[in-house]
>>> print(open('final05.cif').read())   # mmCIF, C-alpha atoms and all ligand atoms
data_protein
loop_
_atom_site.group_PDB
_atom_site.id
_atom_site.type_symbol
_atom_site.label_atom_id
_atom_site.label_comp_id
_atom_site.auth_asym_id
_atom_site.auth_seq_id
_atom_site.Cartn_x
_atom_site.Cartn_y
_atom_site.Cartn_z
ATOM 1 C CA MET A 87 36.309 28.201 -12.731
ATOM 2 C CA ALA A 88 34.134 25.147 -12.237
ATOM 3 C CA GLN A 89 32.731 24.830 -8.722
ATOM 4 C CA SER A 90 30.787 22.259 -6.769
ATOM 5 C CA ARG A 91 27.290 23.436 -6.329
ATOM 6 C CA ILE A 92 24.402 23.130 -3.960
ATOM 7 C CA ARG A 93 20.990 22.219 -5.233
ATOM 8 C CA ALA A 94 17.874 20.453 -4.022
ATOM 9 C CA ALA A 95 16.646 16.990 -4.917
ATOM 10 C CA TYR A 96 12.942 16.239 -4.461
ATOM 11 C CA GLN A 97 11.349 13.114 -3.022
ATOM 12 C CA PRO A 98 7.609 12.384 -3.385
ATOM 13 C CA ILE A 99 5.226 12.129 -0.433
ATOM 14 C CA VAL A 100 2.151 10.020 -1.215
ATOM 15 C CA THR A 101 -1.197 8.993 0.224
ATOM 16 C CA LEU A 102 -1.136 5.389 1.438
ATOM 17 C CA THR A 103 -4.726 4.547 0.655
ATOM 18 C CA PRO A 104 -5.648 3.850 -2.967
ATOM 19 C CA PRO A 105 -5.650 5.575 -5.335
ATOM 20 C CA ARG A 106 -2.100 6.430 -4.315
ATOM 21 C CA THR A 107 -1.569 10.077 -5.114
ATOM 22 C CA MET A 108 1.357 12.384 -4.682
ATOM 23 C CA VAL A 109 0.446 15.090 -2.186
ATOM 24 C CA GLY A 110 3.808 16.756 -1.909
ATOM 25 C CA GLU A 111 7.534 16.492 -2.073
ATOM 26 C CA GLU A 112 10.450 17.087 0.277
ATOM 27 C CA ALA A 113 13.411 19.202 -0.781
ATOM 28 C CA LEU A 114 16.704 17.549 0.214
ATOM 29 C CA VAL A 115 19.967 19.413 -0.189
ATOM 30 C CA ARG A 116 22.655 17.884 -2.443
ATOM 31 C CA LEU A 117 26.235 18.814 -3.237
ATOM 32 C CA VAL A 118 27.063 18.258 -6.889
ATOM 33 C CA THR A 119 30.849 18.050 -7.374
ATOM 34 C CA THR A 120 32.740 19.365 -10.398
ATOM 35 C CA GLU A 121 32.946 15.737 -11.575
ATOM 36 C CA GLY A 122 29.176 15.462 -11.384
ATOM 37 C CA ALA A 123 29.024 13.218 -8.304
ATOM 38 C CA VAL A 124 25.936 13.831 -6.145
ATOM 39 C CA ILE A 125 26.629 13.897 -2.394
ATOM 40 C CA PRO A 126 23.502 13.436 -0.193
ATOM 41 C CA ALA A 127 22.794 15.712 2.767
ATOM 42 C CA GLY A 128 23.459 12.925 5.250
ATOM 43 C CA ALA A 129 27.114 12.887 4.163
ATOM 44 C CA PHE A 130 27.833 16.572 4.869
ATOM 45 C CA ILE A 131 25.056 18.170 6.934
ATOM 46 C CA ALA A 132 26.765 17.485 10.301
ATOM 47 C CA ALA A 133 30.004 19.094 9.054
ATOM 48 C CA ALA A 134 27.983 21.982 7.610
ATOM 49 C CA HIS A 135 26.387 22.481 11.049
ATOM 50 C CA THR A 136 29.815 22.592 12.702
ATOM 51 C CA ALA A 137 31.018 25.118 10.113
ATOM 52 C CA GLY A 138 27.871 27.261 10.560
ATOM 53 C CA LEU A 139 26.973 26.790 6.903
ATOM 54 C CA VAL A 140 23.508 25.295 7.292
ATOM 55 C CA PRO A 141 21.531 28.571 7.208
ATOM 56 C CA ALA A 142 23.220 29.402 3.882
ATOM 57 C CA LEU A 143 22.357 25.953 2.471
ATOM 58 C CA ASP A 144 18.801 26.354 3.721
ATOM 59 C CA GLU A 145 18.465 29.637 1.856
ATOM 60 C CA VAL A 146 19.585 28.073 -1.423
ATOM 61 C CA VAL A 147 17.115 25.209 -1.033
ATOM 62 C CA LEU A 148 14.308 27.513 0.029
ATOM 63 C CA THR A 149 14.787 29.877 -2.901
ATOM 64 C CA GLU A 150 14.996 27.017 -5.387
ATOM 65 C CA THR A 151 11.952 25.287 -3.940
ATOM 66 C CA LEU A 152 9.768 28.388 -3.912
ATOM 67 C CA ALA A 153 10.650 28.982 -7.564
ATOM 68 C CA ARG A 154 9.681 25.367 -8.303
ATOM 69 C CA CYS A 155 6.454 25.796 -6.407
ATOM 70 C CA VAL A 156 5.529 28.968 -8.284
ATOM 71 C CA ALA A 157 6.346 27.321 -11.637
ATOM 72 C CA TRP A 158 4.258 24.199 -10.928
ATOM 73 C CA THR A 159 0.994 24.112 -12.887
ATOM 74 C CA GLY A 160 -0.298 20.623 -12.007
ATOM 75 C CA PRO A 161 -2.574 19.547 -9.142
ATOM 76 C CA PRO A 162 -1.885 21.166 -5.749
ATOM 77 C CA ARG A 163 1.231 19.961 -3.986
ATOM 78 C CA LEU A 164 2.908 20.625 -0.691
ATOM 79 C CA TYR A 165 6.567 21.597 -0.589
ATOM 80 C CA PHE A 166 8.329 20.298 2.514
ATOM 81 C CA ILE A 167 11.522 22.215 3.273
ATOM 82 C CA ASN A 168 13.978 21.322 6.042
ATOM 83 C CA VAL A 169 14.958 24.427 7.953
ATOM 84 C CA SER A 170 17.493 24.613 10.750
ATOM 85 C CA THR A 171 16.575 26.403 13.960
ATOM 86 C CA ALA A 172 19.842 28.335 13.416
ATOM 87 C CA LEU A 173 18.141 29.914 10.410
ATOM 88 C CA LEU A 174 14.903 30.542 12.236
ATOM 89 C CA THR A 175 16.580 32.281 15.163
ATOM 90 C CA ALA A 176 19.016 34.506 13.217
ATOM 91 C CA PRO A 177 16.980 37.733 12.777
ATOM 92 C CA ASP A 178 18.807 39.013 9.663
ATOM 93 C CA ARG A 179 18.541 35.652 7.941
ATOM 94 C CA LEU A 180 14.949 35.365 8.995
ATOM 95 C CA ASP A 181 14.089 38.719 7.447
ATOM 96 C CA ALA A 182 15.502 37.542 4.140
ATOM 97 C CA LEU A 183 13.570 34.327 4.520
ATOM 98 C CA ILE A 184 10.287 36.118 5.137
ATOM 99 C CA ARG A 185 10.883 38.287 2.079
ATOM 100 C CA ALA A 186 11.475 35.102 0.117
ATOM 101 C CA VAL A 187 8.425 33.291 1.429
ATOM 102 C CA VAL A 188 5.742 35.946 1.413
ATOM 103 C CA PRO A 189 5.739 36.368 -2.390
ATOM 104 C CA GLY A 190 5.560 32.572 -2.302
ATOM 105 C CA GLY A 191 1.946 33.197 -1.283
ATOM 106 C CA ARG A 192 1.324 32.961 -4.993
ATOM 107 C CA CYS A 193 1.940 29.238 -4.850
ATOM 108 C CA ARG A 194 -0.698 28.681 -2.205
ATOM 109 C CA THR A 195 -3.851 27.072 -3.473
ATOM 110 C CA ASP A 196 -7.498 27.523 -2.671
ATOM 111 C CA ASP A 197 -7.697 24.141 -0.993
ATOM 112 C CA PRO A 198 -7.252 24.880 2.721
ATOM 113 C CA TYR A 199 -5.859 21.379 3.266
ATOM 114 C CA LEU A 200 -3.198 21.851 0.648
ATOM 115 C CA ARG A 201 -1.555 25.172 1.257
ATOM 116 C CA SER A 202 1.875 24.820 -0.191
ATOM 117 C CA VAL A 203 4.845 25.533 2.031
ATOM 118 C CA VAL A 204 5.705 23.344 5.017
ATOM 119 C CA PHE A 205 8.816 23.870 7.121
ATOM 120 C CA GLU A 206 10.286 20.720 8.630
ATOM 121 C CA ILE A 207 11.872 21.276 12.003
ATOM 122 C CA THR A 208 14.180 18.946 13.863
ATOM 123 C CA GLU A 209 16.950 19.591 16.319
ATOM 124 C CA ARG A 210 20.355 18.041 15.899
ATOM 125 C CA GLU A 211 22.173 20.351 18.272
ATOM 126 C CA LEU A 212 20.993 21.523 21.673
ATOM 127 C CA LEU A 213 17.327 21.930 22.426
ATOM 128 C CA SER A 214 17.087 25.636 21.720
ATOM 129 C CA ASP A 215 14.720 28.185 23.145
ATOM 130 C CA LEU A 216 11.334 27.077 21.861
ATOM 131 C CA ALA A 217 9.670 30.349 22.847
ATOM 132 C CA ALA A 218 12.181 32.221 20.658
ATOM 133 C CA VAL A 219 11.642 29.805 17.767
ATOM 134 C CA ARG A 220 7.893 30.188 18.127
ATOM 135 C CA LYS A 221 8.151 33.984 18.108
ATOM 136 C CA ALA A 222 10.429 33.913 15.080
ATOM 137 C CA LEU A 223 7.976 31.680 13.245
ATOM 138 C CA ASN A 224 4.883 33.810 13.794
ATOM 139 C CA PRO A 225 5.226 36.018 10.684
ATOM 140 C CA LEU A 226 5.796 32.914 8.574
ATOM 141 C CA LEU A 227 2.800 31.132 10.058
ATOM 142 C CA ASP A 228 0.721 34.261 9.423
ATOM 143 C CA ALA A 229 1.871 34.103 5.804
ATOM 144 C CA GLY A 230 0.419 30.591 5.549
ATOM 145 C CA VAL A 231 3.509 28.460 6.096
ATOM 146 C CA ARG A 232 2.854 25.302 8.104
ATOM 147 C CA LEU A 233 5.122 23.189 10.284
ATOM 148 C CA ALA A 234 6.151 19.556 10.232
ATOM 149 C CA LEU A 235 8.018 17.911 13.081
ATOM 150 C CA ASP A 236 10.716 15.797 11.426
ATOM 151 C CA ASP A 237 12.299 12.572 12.731
ATOM 152 C CA PHE A 238 9.699 12.194 15.476
ATOM 153 C CA GLY A 239 10.823 9.488 17.882
ATOM 154 C CA SER A 240 14.518 9.835 17.068
ATOM 155 C CA GLY A 241 15.481 11.814 20.139
ATOM 156 C CA TYR A 242 16.154 14.859 17.959
ATOM 157 C CA SER A 243 12.515 15.803 17.947
ATOM 158 C CA SER A 244 10.685 15.748 21.241
ATOM 159 C CA PHE A 245 7.185 15.956 22.707
ATOM 160 C CA LEU A 246 8.106 19.447 23.912
ATOM 161 C CA TYR A 247 8.154 20.623 20.300
ATOM 162 C CA LEU A 248 4.729 19.144 19.828
ATOM 163 C CA ALA A 249 3.495 20.831 23.010
ATOM 164 C CA ASP A 250 4.893 24.260 22.145
ATOM 165 C CA LEU A 251 4.737 24.597 18.371
ATOM 166 C CA PRO A 252 1.636 24.665 16.138
ATOM 167 C CA VAL A 253 2.564 21.554 14.196
ATOM 168 C CA SER A 254 0.434 20.382 11.237
ATOM 169 C CA PHE A 255 2.447 17.288 10.224
ATOM 170 C CA LEU A 256 4.351 14.679 12.185
ATOM 171 C CA LYS A 257 7.032 12.720 10.345
ATOM 172 C CA ILE A 258 7.815 9.482 12.111
ATOM 173 C CA GLU A 259 11.489 8.507 12.145
ATOM 174 C CA GLN A 260 12.455 5.892 9.582
ATOM 175 C CA ALA A 261 14.331 3.742 12.101
ATOM 176 C CA LEU A 262 10.972 3.120 13.825
ATOM 177 C CA ILE A 263 8.963 2.678 10.624
ATOM 178 C CA ARG A 264 11.322 -0.065 9.451
ATOM 179 C CA ARG A 265 10.591 -2.119 12.588
ATOM 180 C CA LEU A 266 6.789 -2.054 12.228
ATOM 181 C CA GLY A 267 5.154 -5.451 12.246
ATOM 182 C CA ARG A 268 8.368 -7.163 13.345
ATOM 183 C CA ASP A 269 8.771 -5.502 16.685
ATOM 184 C CA ARG A 270 5.671 -5.412 18.859
ATOM 185 C CA ARG A 271 6.877 -2.618 21.152
ATOM 186 C CA VAL A 272 7.626 -0.339 18.224
ATOM 187 C CA THR A 273 4.318 -1.173 16.541
ATOM 188 C CA VAL A 274 2.369 -0.321 19.720
ATOM 189 C CA MET A 275 4.312 2.931 20.133
ATOM 190 C CA VAL A 276 3.803 4.082 16.556
ATOM 191 C CA ALA A 277 0.099 3.153 16.731
ATOM 192 C CA ALA A 278 -0.274 5.258 19.888
ATOM 193 C CA VAL A 279 1.542 8.245 18.362
ATOM 194 C CA THR A 280 -0.681 7.971 15.277
ATOM 195 C CA ARG A 281 -3.848 8.047 17.397
ATOM 196 C CA MET A 282 -2.517 10.972 19.396
ATOM 197 C CA ALA A 283 -1.713 12.899 16.221
ATOM 198 C CA ALA A 284 -5.192 12.220 14.850
ATOM 199 C CA ASP A 285 -6.705 13.543 18.097
ATOM 200 C CA LEU A 286 -4.592 16.689 17.707
ATOM 201 C CA GLY A 287 -5.621 17.137 14.071
ATOM 202 C CA ILE A 288 -2.078 16.450 12.887
ATOM 203 C CA THR A 289 -1.338 14.500 9.685
ATOM 204 C CA VAL A 290 1.198 11.698 10.163
ATOM 205 C CA ILE A 291 3.809 10.893 7.512
ATOM 206 C CA ALA A 292 5.811 7.655 7.747
ATOM 207 C CA GLU A 293 9.412 8.153 6.582
ATOM 208 C CA GLY A 294 11.783 5.662 5.006
ATOM 209 C CA ILE A 295 9.279 3.166 3.531
ATOM 210 C CA GLU A 296 11.423 0.827 1.432
ATOM 211 C CA SER A 297 9.121 -2.138 0.767
ATOM 212 C CA ALA A 298 5.547 -3.181 0.044
ATOM 213 C CA ARG A 299 5.543 -5.015 3.390
ATOM 214 C CA VAL A 300 6.337 -1.865 5.373
ATOM 215 C CA ALA A 301 3.878 0.140 3.250
ATOM 216 C CA ARG A 302 1.182 -2.357 4.292
ATOM 217 C CA GLU A 303 2.149 -2.207 7.975
ATOM 218 C CA VAL A 304 2.060 1.575 7.925
ATOM 219 C CA ARG A 305 -1.298 1.629 6.230
ATOM 220 C CA ALA A 306 -2.711 -0.925 8.662
ATOM 221 C CA LEU A 307 -1.927 1.511 11.484
ATOM 222 C CA GLY A 308 -4.010 4.170 9.768
ATOM 223 C CA ILE A 309 -1.061 6.402 8.880
ATOM 224 C CA PRO A 310 -2.372 8.521 5.998
ATOM 225 C CA TRP A 311 0.811 9.566 4.162
ATOM 226 C CA GLY A 312 4.196 8.005 3.421
ATOM 227 C CA GLN A 313 7.586 8.668 1.905
ATOM 228 C CA GLY A 314 10.485 6.387 1.016
ATOM 229 C CA TYR A 315 12.448 4.634 -1.707
ATOM 230 C CA TYR A 316 9.492 2.295 -2.312
ATOM 231 C CA PHE A 317 7.487 5.237 -3.697
ATOM 232 C CA GLY A 318 10.337 7.247 -5.164
ATOM 233 C CA ARG A 319 13.910 8.280 -4.522
ATOM 234 C CA PRO A 320 15.012 11.904 -4.222
ATOM 235 C CA GLY A 321 15.656 13.188 -7.759
ATOM 236 C CA TRP A 322 15.791 16.250 -9.981
ATOM 237 C CA GLY A 323 12.546 15.488 -11.805
HETATM 238 P P1 LIG B 401 15.281 13.971 6.721
HETATM 239 O O1 LIG B 401 14.740 15.342 6.569
HETATM 240 O O2 LIG B 401 14.658 13.082 7.702
HETATM 241 O O3 LIG B 401 15.248 13.366 5.259
HETATM 242 C C1 LIG B 401 15.105 11.999 4.981
HETATM 243 C C2 LIG B 401 16.416 11.364 4.618
HETATM 244 O O4 LIG B 401 16.196 9.966 4.390
HETATM 245 C C3 LIG B 401 17.039 11.884 3.320
HETATM 246 O O5 LIG B 401 18.454 11.733 3.408
HETATM 247 C C4 LIG B 401 16.468 10.918 2.282
HETATM 248 O O6 LIG B 401 17.242 10.862 1.095
HETATM 249 C C5 LIG B 401 16.524 9.633 3.053
HETATM 250 N N1 LIG B 401 15.515 8.677 2.627
HETATM 251 C C6 LIG B 401 14.304 8.875 2.055
HETATM 252 N N2 LIG B 401 13.646 7.731 1.846
HETATM 253 C C7 LIG B 401 14.448 6.739 2.307
HETATM 254 C C8 LIG B 401 14.325 5.313 2.360
HETATM 255 O O7 LIG B 401 13.332 4.706 1.936
HETATM 256 N N3 LIG B 401 15.371 4.628 2.909
HETATM 257 C C9 LIG B 401 16.492 5.270 3.379
HETATM 258 N N4 LIG B 401 17.460 4.518 3.894
HETATM 259 N N5 LIG B 401 16.634 6.619 3.354
HETATM 260 C C10 LIG B 401 15.622 7.328 2.813
HETATM 261 P P2 LIG B 401 19.418 12.938 3.063
HETATM 262 O O8 LIG B 401 18.917 13.672 1.860
HETATM 263 O O9 LIG B 401 20.830 12.433 3.062
HETATM 264 O O10 LIG B 401 19.199 13.929 4.286
HETATM 265 C C11 LIG B 401 19.605 13.617 5.586
HETATM 266 C C12 LIG B 401 19.126 14.668 6.562
HETATM 267 O O11 LIG B 401 19.785 15.916 6.294
HETATM 268 C C13 LIG B 401 17.644 15.008 6.418
HETATM 269 O O12 LIG B 401 16.862 14.039 7.079
HETATM 270 C C14 LIG B 401 17.587 16.377 7.059
HETATM 271 O O13 LIG B 401 17.581 16.297 8.466
HETATM 272 C C15 LIG B 401 18.903 16.964 6.629
HETATM 273 N N6 LIG B 401 18.675 17.828 5.451
HETATM 274 C C16 LIG B 401 18.477 17.480 4.145
HETATM 275 N N7 LIG B 401 18.297 18.574 3.368
HETATM 276 C C17 LIG B 401 18.366 19.643 4.197
HETATM 277 C C18 LIG B 401 18.257 21.082 4.006
HETATM 278 O O14 LIG B 401 18.017 21.614 2.896
HETATM 279 N N8 LIG B 401 18.402 21.859 5.136
HETATM 280 C C19 LIG B 401 18.638 21.326 6.386
HETATM 281 N N9 LIG B 401 18.760 22.181 7.424
HETATM 282 N N10 LIG B 401 18.745 20.008 6.590
HETATM 283 C C20 LIG B 401 18.604 19.168 5.520
HETATM 284 MG MG MG B 402 13.012 16.175 6.528
HETATM 285 MG MG MG B 403 13.167 12.825 8.732
#
>>> encode(input="final05.cif", output="structure tokens")
Amino acid sequence: MAQSRIRAAYQPIVTLTPPRTMVGEEALVRLVTTEGAVIPAGAFIAAAHTAGLVPALDEVVLTETLARCVAWTGPPRLYFINVSTALLTAPDRLDALIRAVVPGGRCRTDDPYLRSVVFEITERELLSDLAAVRKALNPLLDAGVRLALDDFGSGYSSFLYLADLPVSFLKIEQALIRRLGRDRRVTVMVAAVTRMAADLGITVIAEGIESARVAREVRALGIPWGQGYYFGRPGWG
């Protein structure tokens, strides 16, 4: 019987200074219906959360992405994977995840700046116990996985995360990025966050860049990396 299926689409993450190079890609879960329609995560992830299905989706995406990472033979790339804190704090799931990731050590490269696997963390439900999340993450961090704080500035991703978790990347919320250069308050805020991140040794990624104008604004603030439809849409390629 034909069934809808879950798979990951991949969106490029690029350097903003020339020559523009692809440094990584983000895995984004998609539902492909029996008719071949592709439903983006944004259309079903909230319902999946309510139904408790997100850890299962995360596992599919993680497995697929690690296989992609291992198969990749080109220049080093980072693989950004969204993981729910529900997955990170469920011990049985986490065990499976660690088993999946540790062999993924093969896809790490020699370049210390470009180790491969990055987990993106955000919080769409309640602020959970950060100490527990931190503890759960330790074996993964020891295995070389790094962390990105997703949607920073959205209210789903707070300074407390930054204070308590060893974050390597900060992804600034697209709703803020879109207002750069047109809204002075937002521009000042994003500039300050960028400086703070630099002081903390954290790489900033601007999300949701849709135009050359916004790409220029982002670059003018010294944000090193970007992602958005302007550079490439999520796809199967
Ligand atoms: P996110 O992680 O912040 O991902 C960025 C979202 O913005 C994606 O939507 C992406 O397709 C979209 N996007 C990228 N560039 C642009 C742009 O230039 N303009 C606009 N308007 N949108 C852009 P998507 O794939 O629908 O995902 C929505 C959210 O669902 C994600 O936000 C993430 O929080 C969550 N999600 C996606 N995949 C997974 C997954 O495998 N596991 C978990 N737990 N959550 C996921
Ligand atoms: Mg993300
Ligand atoms: Mg985001």
>>> closest_residue(input="final05.cif", among="A:Phe205, A:Leu164, A:Glu296, A:Val219", to="Ala176 of chain A", atoms="all atoms listed in the file")
A:Val219
>>> residues_around(input="final05.cif", residues="segment 127-133 of chain A", least_positions_apart="2", cutoff="10 Å", atoms="all atoms listed in the file", output="ChimeraX atom specification")
/A:94-95,114-117,124-125,135-140,143,210-211
>>> write_last_selection(input="final05.cif", atoms="C-alpha atoms", output="PDB file, keeping the file's coordinate frame")
ATOM      1  CA  ALA A  94      17.874  20.453  -4.022  1.00  0.00           C
ATOM      2  CA  ALA A  95      16.646  16.990  -4.917  1.00  0.00           C
ATOM      3  CA  LEU A 114      16.704  17.549   0.214  1.00  0.00           C
ATOM      4  CA  VAL A 115      19.967  19.413  -0.189  1.00  0.00           C
ATOM      5  CA  ARG A 116      22.655  17.884  -2.443  1.00  0.00           C
ATOM      6  CA  LEU A 117      26.235  18.814  -3.237  1.00  0.00           C
ATOM      7  CA  VAL A 124      25.936  13.831  -6.145  1.00  0.00           C
ATOM      8  CA  ILE A 125      26.629  13.897  -2.394  1.00  0.00           C
ATOM      9  CA  HIS A 135      26.387  22.481  11.049  1.00  0.00           C
ATOM     10  CA  THR A 136      29.815  22.592  12.702  1.00  0.00           C
ATOM     11  CA  ALA A 137      31.018  25.118  10.113  1.00  0.00           C
ATOM     12  CA  GLY A 138      27.871  27.261  10.560  1.00  0.00           C
ATOM     13  CA  LEU A 139      26.973  26.790   6.903  1.00  0.00           C
ATOM     14  CA  VAL A 140      23.508  25.295   7.292  1.00  0.00           C
ATOM     15  CA  LEU A 143      22.357  25.953   2.471  1.00  0.00           C
ATOM     16  CA  ARG A 210      20.355  18.041  15.899  1.00  0.00           C
ATOM     17  CA  GLU A 211      22.173  20.351  18.272  1.00  0.00           C
TER      18      GLU A 211
END
>>> closest_residue(input="final05.cif", among="A:Gln313, A:Thr149, A:Thr103, A:Ser297", to="ligand MG 403 (chain B)", atoms="all atoms listed in the file")
A:Gln313
>>> closest_residue(input="final05.cif", among="A:Gln89, A:Thr107, A:Thr208, A:Thr101", to="ligand LIG 401 (chain B)", atoms="all atoms listed in the file")
A:Thr208
>>> closest_atom_pairs(input="final05.cif", of="chain A", to="ligand MG 403 (chain B)", cutoff="9 Å", atoms="only C-alpha atoms and all ligand atoms", output="Markdown table")
| residue | atom | partner | partner_atom | distance |
| --- | --- | --- | --- | --- |
| A:Asn168 | CA | B:MG403 | MG | 8.9 |
| A:Glu206 | CA | B:MG403 | MG | 8.4 |
| A:Thr208 | CA | B:MG403 | MG | 8.1 |
| A:Leu235 | CA | B:MG403 | MG | 8.4 |
| A:Asp236 | CA | B:MG403 | MG | 4.7 |
| A:Asp237 | CA | B:MG403 | MG | 4.1 |
| A:Phe238 | CA | B:MG403 | MG | 7.6 |
| A:Ser240 | CA | B:MG403 | MG | 9.0 |
| A:Lys257 | CA | B:MG403 | MG | 6.3 |
| A:Ile258 | CA | B:MG403 | MG | 7.2 |
| A:Glu259 | CA | B:MG403 | MG | 5.8 |
| A:Gln260 | CA | B:MG403 | MG | 7.0 |
| A:Glu293 | CA | B:MG403 | MG | 6.4 |
| A:Gly294 | CA | B:MG403 | MG | 8.2 |
>>> axis_aligned_box(input="final05.cif", around="ligand LIG 401 (chain B)", padding_each_side="5 Å", output="lines of an AutoDock Vina configuration file")
center_x = 17.1
center_y = 13.3
center_z = 4.8
size_x = 17.5
size_y = 27.7
size_z = 17.4
>>> closest_residue(input="final05.cif", among="A:Leu174, A:Ala278, A:Met108, A:Ala123", to="ligand LIG 401 (chain B)", atoms="only C-alpha atoms and all ligand atoms")
A:Leu174
>>> resolve_selection(input="final05.cif", expression="the PyMOL selection byres (((chain A and resi 301-310) around 8) and not hetatm)", output="count of residues only")
20
>>> atom_distance(input="final05.cif", atom1="atom CA of Glu145 of chain A", atom2="atom C7 of ligand LIG 401 (chain B)")
23.3 Å
>>> atom_distance(input="final05.cif", atom1="atom CA of Val118 of chain A", atom2="atom O8 of ligand LIG 401 (chain B)")
12.8 Å
>>> atom_distance(input="final05.cif", atom1="atom CA of Glu150 of chain A", atom2="atom P2 of ligand LIG 401 (chain B)")
17.0 Å
>>> closest_residue(input="final05.cif", among="A:Ala283, A:Ala142, A:Leu173, A:Val203", to="Ala113 of chain A", atoms="all atoms listed in the file")
A:Val203
>>> decode(input="final05.cif", residues="segment 289-304 of chain A", atoms="N, CA, C and O atoms", output="PDB file, in the first residue's frame")
ATOM      1  N   THR A 289      29.815  31.490  16.056  1.00  0.00           N
ATOM      2  CA  THR A 289      29.577  31.899  14.669  1.00  0.00           C
ATOM      3  C   THR A 289      28.095  32.220  14.472  1.00  0.00           C
ATOM      4  O   THR A 289      27.233  31.399  14.793  1.00  0.00           O
ATOM      5  N   VAL A 290      27.823  33.409  13.934  1.00  0.00           N
ATOM      6  CA  VAL A 290      26.422  33.809  13.715  1.00  0.00           C
ATOM      7  C   VAL A 290      25.980  33.426  12.305  1.00  0.00           C
ATOM      8  O   VAL A 290      26.728  33.575  11.341  1.00  0.00           O
ATOM      9  N   ILE A 291      24.753  32.937  12.202  1.00  0.00           N
ATOM     10  CA  ILE A 291      24.137  32.618  10.913  1.00  0.00           C
ATOM     11  C   ILE A 291      22.827  33.403  10.825  1.00  0.00           C
ATOM     12  O   ILE A 291      21.986  33.302  11.722  1.00  0.00           O
ATOM     13  N   ALA A 292      22.683  34.195   9.759  1.00  0.00           N
ATOM     14  CA  ALA A 292      21.432  34.942   9.559  1.00  0.00           C
ATOM     15  C   ALA A 292      20.465  34.052   8.779  1.00  0.00           C
ATOM     16  O   ALA A 292      20.806  33.544   7.714  1.00  0.00           O
ATOM     17  N   GLU A 293      19.266  33.871   9.297  1.00  0.00           N
ATOM     18  CA  GLU A 293      18.266  33.015   8.646  1.00  0.00           C
ATOM     19  C   GLU A 293      17.322  33.836   7.773  1.00  0.00           C
ATOM     20  O   GLU A 293      17.103  35.026   8.014  1.00  0.00           O
ATOM     21  N   GLY A 294      16.754  33.199   6.786  1.00  0.00           N
ATOM     22  CA  GLY A 294      15.657  33.804   6.022  1.00  0.00           C
ATOM     23  C   GLY A 294      16.066  34.962   5.127  1.00  0.00           C
ATOM     24  O   GLY A 294      15.292  35.897   4.916  1.00  0.00           O
ATOM     25  N   ILE A 295      17.288  34.918   4.559  1.00  0.00           N
ATOM     26  CA  ILE A 295      17.717  35.983   3.637  1.00  0.00           C
ATOM     27  C   ILE A 295      17.059  35.734   2.277  1.00  0.00           C
ATOM     28  O   ILE A 295      17.288  34.697   1.654  1.00  0.00           O
ATOM     29  N   GLU A 296      16.215  36.676   1.866  1.00  0.00           N
ATOM     30  CA  GLU A 296      15.442  36.475   0.627  1.00  0.00           C
ATOM     31  C   GLU A 296      15.872  37.391  -0.508  1.00  0.00           C
ATOM     32  O   GLU A 296      15.374  37.252  -1.623  1.00  0.00           O
ATOM     33  N   SER A 297      16.735  38.383  -0.215  1.00  0.00           N
ATOM     34  CA  SER A 297      17.074  39.354  -1.264  1.00  0.00           C
ATOM     35  C   SER A 297      18.526  39.793  -1.149  1.00  0.00           C
ATOM     36  O   SER A 297      19.161  39.652  -0.091  1.00  0.00           O
ATOM     37  N   ALA A 298      19.023  40.376  -2.256  1.00  0.00           N
ATOM     38  CA  ALA A 298      20.380  40.912  -2.277  1.00  0.00           C
ATOM     39  C   ALA A 298      20.495  42.042  -1.258  1.00  0.00           C
ATOM     40  O   ALA A 298      21.522  42.203  -0.594  1.00  0.00           O
ATOM     41  N   ARG A 299      19.426  42.830  -1.109  1.00  0.00           N
ATOM     42  CA  ARG A 299      19.447  43.949  -0.164  1.00  0.00           C
ATOM     43  C   ARG A 299      19.697  43.441   1.260  1.00  0.00           C
ATOM     44  O   ARG A 299      20.599  43.922   1.960  1.00  0.00           O
ATOM     45  N   VAL A 300      18.937  42.440   1.670  1.00  0.00           N
ATOM     46  CA  VAL A 300      19.103  41.904   3.028  1.00  0.00           C
ATOM     47  C   VAL A 300      20.479  41.239   3.163  1.00  0.00           C
ATOM     48  O   VAL A 300      21.142  41.384   4.197  1.00  0.00           O
ATOM     49  N   ALA A 301      20.916  40.557   2.102  1.00  0.00           N
ATOM     50  CA  ALA A 301      22.255  39.934   2.153  1.00  0.00           C
ATOM     51  C   ALA A 301      23.320  41.003   2.417  1.00  0.00           C
ATOM     52  O   ALA A 301      24.243  40.802   3.207  1.00  0.00           O
ATOM     53  N   ARG A 302      23.155  42.171   1.785  1.00  0.00           N
ATOM     54  CA  ARG A 302      24.110  43.269   2.003  1.00  0.00           C
ATOM     55  C   ARG A 302      24.040  43.803   3.429  1.00  0.00           C
ATOM     56  O   ARG A 302      25.058  44.052   4.067  1.00  0.00           O
ATOM     57  N   GLU A 303      22.820  43.982   3.922  1.00  0.00           N
ATOM     58  CA  GLU A 303      22.649  44.489   5.304  1.00  0.00           C
ATOM     59  C   GLU A 303      23.314  43.547   6.308  1.00  0.00           C
ATOM     60  O   GLU A 303      23.982  43.977   7.242  1.00  0.00           O
ATOM     61  N   VAL A 304      23.089  42.259   6.099  1.00  0.00           N
ATOM     62  CA  VAL A 304      23.611  41.254   7.015  1.00  0.00           C
ATOM     63  C   VAL A 304      25.140  41.276   6.998  1.00  0.00           C
ATOM     64  O   VAL A 304      25.797  41.254   8.040  1.00  0.00           O
TER      65      VAL A 304
END
